[in-house]
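Here is the file query.txt (compact mmCIF, C-alpha atoms).
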# COMPACT_ATOMS: atom_id res chain seq x y z
CA LEU A 1 1.21 -0.47 3.95
CA GLY A 2 -0.38 2.85 3.28
CA GLY A 3 1.10 5.49 0.99
CA SER A 4 4.78 6.18 1.54
CA GLY A 5 4.76 9.98 1.77
CA ASP A 6 7.62 11.84 0.14
CA LEU A 7 9.44 8.73 -1.10
CA GLU A 8 9.92 8.20 -4.79
CA VAL A 9 7.02 6.37 -6.41
CA THR A 10 9.04 3.18 -6.99
CA LEU A 11 9.16 2.68 -3.22
CA ASP A 12 5.44 3.31 -2.65
CA ALA A 13 3.70 0.19 -1.34
CA ASN A 14 0.76 0.43 -3.75
CA HIS A 15 3.16 0.78 -6.69
CA VAL A 16 5.11 -2.28 -5.57
CA VAL A 17 1.83 -4.21 -5.21
CA ASP A 18 0.95 -3.38 -8.82
CA ILE A 19 4.34 -4.57 -10.09
CA LEU A 20 4.21 -7.83 -8.14
CA ALA A 21 0.59 -8.52 -9.09
CA LYS A 22 1.42 -8.05 -12.76
CA ALA A 23 4.58 -10.19 -12.55
CA PHE A 24 2.75 -13.06 -10.88
CA HIS A 25 -0.55 -12.67 -12.74
CA GLY A 26 -2.40 -11.80 -9.57
CA ASN A 27 -4.63 -9.09 -8.24
CA GLY A 28 -3.39 -6.47 -5.85
CA LEU A 29 -5.26 -4.80 -3.04
CA HIS A 30 -4.43 -1.17 -2.32
CA LEU A 31 -4.52 0.49 1.06
CA TYR A 32 -5.46 4.09 0.29
CA VAL A 33 -4.34 5.82 3.46
CA PRO A 34 -1.07 7.44 4.53
CA ALA A 35 1.52 5.00 5.86
CA ILE A 36 1.65 7.05 9.05
CA VAL A 37 -1.17 9.22 10.36
CA SER A 38 -0.72 12.16 12.73
CA ARG A 39 -2.63 10.63 15.65
CA SER A 40 -3.62 7.19 16.89
CA GLN A 41 -7.24 8.37 17.05
CA THR A 42 -7.16 9.13 13.32
CA LYS A 43 -6.08 5.55 12.66
CA ARG A 44 -8.84 4.13 14.86
CA THR A 45 -11.42 6.25 13.01
CA LEU A 46 -10.17 5.26 9.56
CA MET A 47 -10.15 1.59 10.57
CA LYS A 48 -13.95 1.78 10.67
CA GLU A 49 -14.05 2.32 6.90
CA GLU A 50 -15.11 -0.79 4.99
CA SER A 51 -12.58 -0.32 2.15
CA ILE A 52 -9.74 -0.18 4.66
CA ARG A 53 -10.98 -3.12 6.75
CA LYS A 54 -11.36 -5.16 3.55
CA VAL A 55 -7.65 -4.90 2.86
CA MET A 56 -6.50 -5.28 6.46
CA ASN A 57 -8.65 -8.37 7.03
CA HIS A 58 -6.39 -10.19 4.55
CA TYR A 59 -3.47 -9.86 6.98
CA ASP A 60 -4.81 -12.83 8.95
CA SER A 61 -4.70 -15.26 6.01
CA LEU A 62 -1.38 -14.56 4.32
CA ASP A 63 0.68 -17.46 2.96
CA ALA A 64 3.74 -15.37 2.17
CA VAL A 65 4.97 -11.81 2.59
CA VAL A 66 7.95 -10.01 1.15
CA VAL A 67 9.20 -7.12 3.27
CA GLY A 68 12.14 -4.80 3.10
CA ILE A 69 14.18 -4.25 6.23
CA GLY A 70 15.29 -0.69 6.88
CA THR A 71 17.89 0.68 9.25
CA GLY A 72 15.74 3.04 11.32
CA ASP A 73 18.24 5.91 11.01
CA ASP A 74 18.23 9.19 9.07
CA LEU A 75 18.98 7.32 5.83
CA SER A 76 15.99 5.02 6.23
CA SER A 77 12.83 5.26 4.16
CA VAL A 78 10.86 5.77 7.38
CA PHE A 79 12.63 9.03 8.16
CA GLN A 80 12.88 10.14 4.53
CA SER A 81 9.14 9.68 4.03
CA GLY A 82 8.39 13.11 5.48
CA TYR A 83 6.07 11.74 8.15
CA TYR A 84 8.53 12.27 11.01
CA THR A 85 9.44 15.72 12.30
CA GLU A 86 12.91 16.30 13.77
CA GLU A 87 11.37 16.17 17.24
CA MET A 88 9.78 12.79 16.47
CA LYS A 89 13.07 11.45 15.08
CA GLU A 90 14.92 12.53 18.23
CA SER A 91 12.30 10.82 20.40
CA VAL A 92 12.71 7.61 18.40
CA ARG A 93 16.52 7.75 18.59
CA ARG A 94 16.29 7.70 22.39
CA THR A 95 14.56 4.29 22.18
CA GLU A 96 17.64 2.82 20.45
CA VAL A 97 15.80 1.84 17.27
CA CYS A 98 17.87 -0.32 14.93
CA GLY A 99 15.44 -1.07 12.11
CA ASP A 100 12.03 -1.05 10.53
CA ILE A 101 9.70 -3.27 8.59
CA CYS A 102 6.68 -1.69 6.93
CA MET A 103 7.53 1.55 8.77
CA HIS A 104 7.15 -0.14 12.17
CA LEU A 105 10.33 0.58 14.12
CA PHE A 106 12.01 -1.98 16.39
CA ASP A 107 15.09 -2.26 18.62
CA LYS A 108 17.99 -4.75 18.53
CA ASP A 109 15.80 -7.41 20.15
CA GLY A 110 12.88 -6.85 17.80
CA ASN A 111 10.80 -5.03 20.42
CA THR A 112 8.29 -2.48 19.13
CA ASP A 113 6.27 -1.61 22.23
CA GLN A 114 8.49 1.23 23.44
CA ILE A 115 8.01 3.15 20.19
CA GLU A 116 4.81 5.12 20.55
CA TYR A 117 4.72 6.20 16.88
CA ASN A 118 4.22 2.59 15.74
CA LYS A 119 0.58 3.00 16.83
CA GLN A 120 0.16 5.53 14.03
CA VAL A 121 1.45 3.26 11.24
CA PHE A 122 -1.13 2.03 8.74
CA GLY A 123 -0.12 -1.43 7.63
CA ILE A 124 0.37 -4.94 8.86
CA GLN A 125 1.32 -5.18 12.53
CA LEU A 126 4.69 -6.90 12.87
CA ASN A 127 3.32 -9.53 15.26
CA LYS A 128 1.10 -10.80 12.44
CA LEU A 129 4.24 -11.64 10.44
CA LYS A 130 5.08 -14.28 13.04
CA ASN A 131 2.13 -16.35 11.81
CA VAL A 132 2.94 -16.16 8.09
CA PRO A 133 4.49 -19.41 6.77
CA TYR A 134 6.91 -17.53 4.50
CA ALA A 135 7.91 -14.14 5.89
CA ILE A 136 10.65 -13.13 3.47
CA GLY A 137 12.93 -10.26 4.44
CA ILE A 138 15.03 -8.50 1.83
CA ALA A 139 17.99 -6.32 2.78
CA SER A 140 21.61 -6.01 1.73
CA GLY A 141 24.74 -4.29 2.88
CA ILE A 142 26.71 -4.55 6.09
CA HIS A 143 24.93 -1.45 7.40
CA LYS A 144 21.68 -3.46 7.50
CA ALA A 145 23.04 -6.36 9.60
CA LYS A 146 21.87 -5.01 12.99
CA ALA A 147 18.40 -4.29 11.62
CA ILE A 148 18.17 -7.77 10.09
CA HIS A 149 19.34 -9.29 13.36
CA GLY A 150 16.62 -7.37 15.22
CA ALA A 151 14.01 -8.57 12.71
CA ILE A 152 15.13 -12.17 13.19
CA ARG A 153 15.14 -11.83 17.00
CA GLY A 154 11.64 -10.35 16.82
CA GLY A 155 10.48 -13.34 14.75
CA TYR A 156 9.27 -11.10 11.93
CA ILE A 157 11.06 -12.97 9.14
CA ASN A 158 11.86 -16.63 8.60
CA VAL A 159 13.50 -16.34 5.18
CA LEU A 160 16.24 -13.84 4.32
CA VAL A 161 17.49 -12.58 0.98
CA THR A 162 20.77 -10.70 1.41
CA ASP A 163 24.34 -10.46 0.10
CA ALA A 164 27.45 -12.32 1.24
CA GLN A 165 28.98 -9.40 3.15
CA CYS A 166 25.81 -8.84 5.14
CA ALA A 167 25.49 -12.58 5.83
CA GLU A 168 29.08 -12.64 7.15
CA GLU A 169 28.33 -9.68 9.43
CA LEU A 170 25.18 -11.43 10.70
CA TYR A 171 27.32 -14.47 11.47
CA ARG A 172 29.74 -12.27 13.46
CA ILE A 173 26.85 -10.70 15.40
CA GLY A 174 25.46 -14.14 16.19
CA ALA A 175 28.87 -15.45 17.26
CA LYS A 176 29.37 -12.49 19.62
CA GLU A 177 25.92 -13.05 21.09
CA THR A 178 26.58 -16.75 21.60
CA ALA A 179 29.94 -16.05 23.24
CA ALA A 180 28.32 -13.53 25.58
CA ASN A 181 25.78 -16.12 26.74
If you convert what's in this file into structure tokens, what do you get?
Amino acid sequence: LGGSGDLEVTLDANHVVDILAKAFHGNGLHLYVPAIVSRSQTKRTLMKEESIRKVMNHYDSLDAVVVGIGTGDDLSSVFQSGYYTEEMKESVRRTEVCGDICMHLFDKDGNTDQIEYNKQVFGIQLNKLKNVPYAIGIASGIHKAKAIHGAIRGGYINVLVTDAQCAEELYRIGAKETAAN
């Protein structure tokens, strides 16, 4: 993911890459672009840069990913990053967003297509996560259950790290869904 805007440095993707690379004695690759650009055309232009393509080409050969799952509301990192204006936030709210992964927003079924701003996000496309053997999602708290459920329905994660209360809420959501079918 590109740079995380106004978020504190500990949440910046490049900072997290450095910490993980050091902890696991690896080498990190940095994506030196904003996480969200102002126009889709800007993204297409920047994608022509070799340094950016070099990083993004690795997305097709990942063995494992670790992603946070956000709620897609005003408390989320996406909206606190400073990239979204109030008008943009209101537009997104109308699409019934329930969560985000790598600043890509999705609805309760994991759909991303109806959210136009996802085209401006600089980072791995969520559909690529479906091909990663270990797509590990990390999120905790009951307030994250709907977002986690959407991520699971979208097929973006296949391993979950969460707390007991959130797991119980996910069970309740799944039971309601099963009963409705």
If you take all atoms listed in the file and a cut-off of 9 Å, which residues of region 66-140 of chain A touch region 153-169 of chain A, and what are their nearest atom pairs and distances in Å to one decimal, in chain and number order, as a tab-separated table?
residue	atom	partner	partner_atom	distance
A:Val67	CA	A:Ile157	CA	8.5
A:Ile101	CA	A:Tyr156	CA	8.5
A:Phe106	CA	A:Gly154	CA	8.4
A:Asp107	CA	A:Gly154	CA	9.0
A:Lys108	CA	A:Arg153	CA	7.8
A:Asp109	CA	A:Arg153	CA	5.5
A:Gly110	CA	A:Gly154	CA	3.8
A:Asn111	CA	A:Gly154	CA	6.5
A:Thr112	CA	A:Gly154	CA	8.9
A:Leu126	CA	A:Tyr156	CA	6.3
A:Asn127	CA	A:Tyr156	CA	7.0
A:Lys128	CA	A:Tyr156	CA	8.2
A:Leu129	CA	A:Tyr156	CA	5.3
A:Lys130	CA	A:Tyr156	CA	5.4
A:Asn131	CA	A:Tyr156	CA	8.9
A:Val132	CA	A:Ile157	CA	8.8
A:Pro133	CA	A:Asn158	CA	8.1
A:Tyr134	CA	A:Asn158	CA	6.5
A:Ala135	CA	A:Ile157	CA	4.7
A:Ile136	CA	A:Val159	CA	4.6
A:Gly137	CA	A:Leu160	CA	4.9
A:Ile138	CA	A:Val161	CA	4.8
A:Ala139	CA	A:Thr162	CA	5.4
A:Ser140	CA	A:Thr162	CA	4.8
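The smallest atom-to-atom distance between Thr45 (chain A) and any of A:Gln120, A:Ala151, A:Gly174, A:Ala13, using all atoms listed in the file, is found for A:Gln120.
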10 Å contact set for Lys43 (chain A), only C-alpha atoms, chain neighbours under 3 positions out, as an NGL selection string:
:A and (33-34 or 36-40 or 46-48 or 119-122)
Using all atoms listed in the file, give me every residue within 12 Å of (-2.5, -1.0, 4.4) in file coordinates, as a PyMOL selection string.
chain A and resi 1-4+12-14+17+28-37+43+46-47+51-59+102-103+120-125
Could you check the closest approach to Cys98 (chain A) for each of A:His149, A:Ala64, A:Glu49, A:Gly82 and tell me which residue wins, using only C-alpha atoms?
A:His149
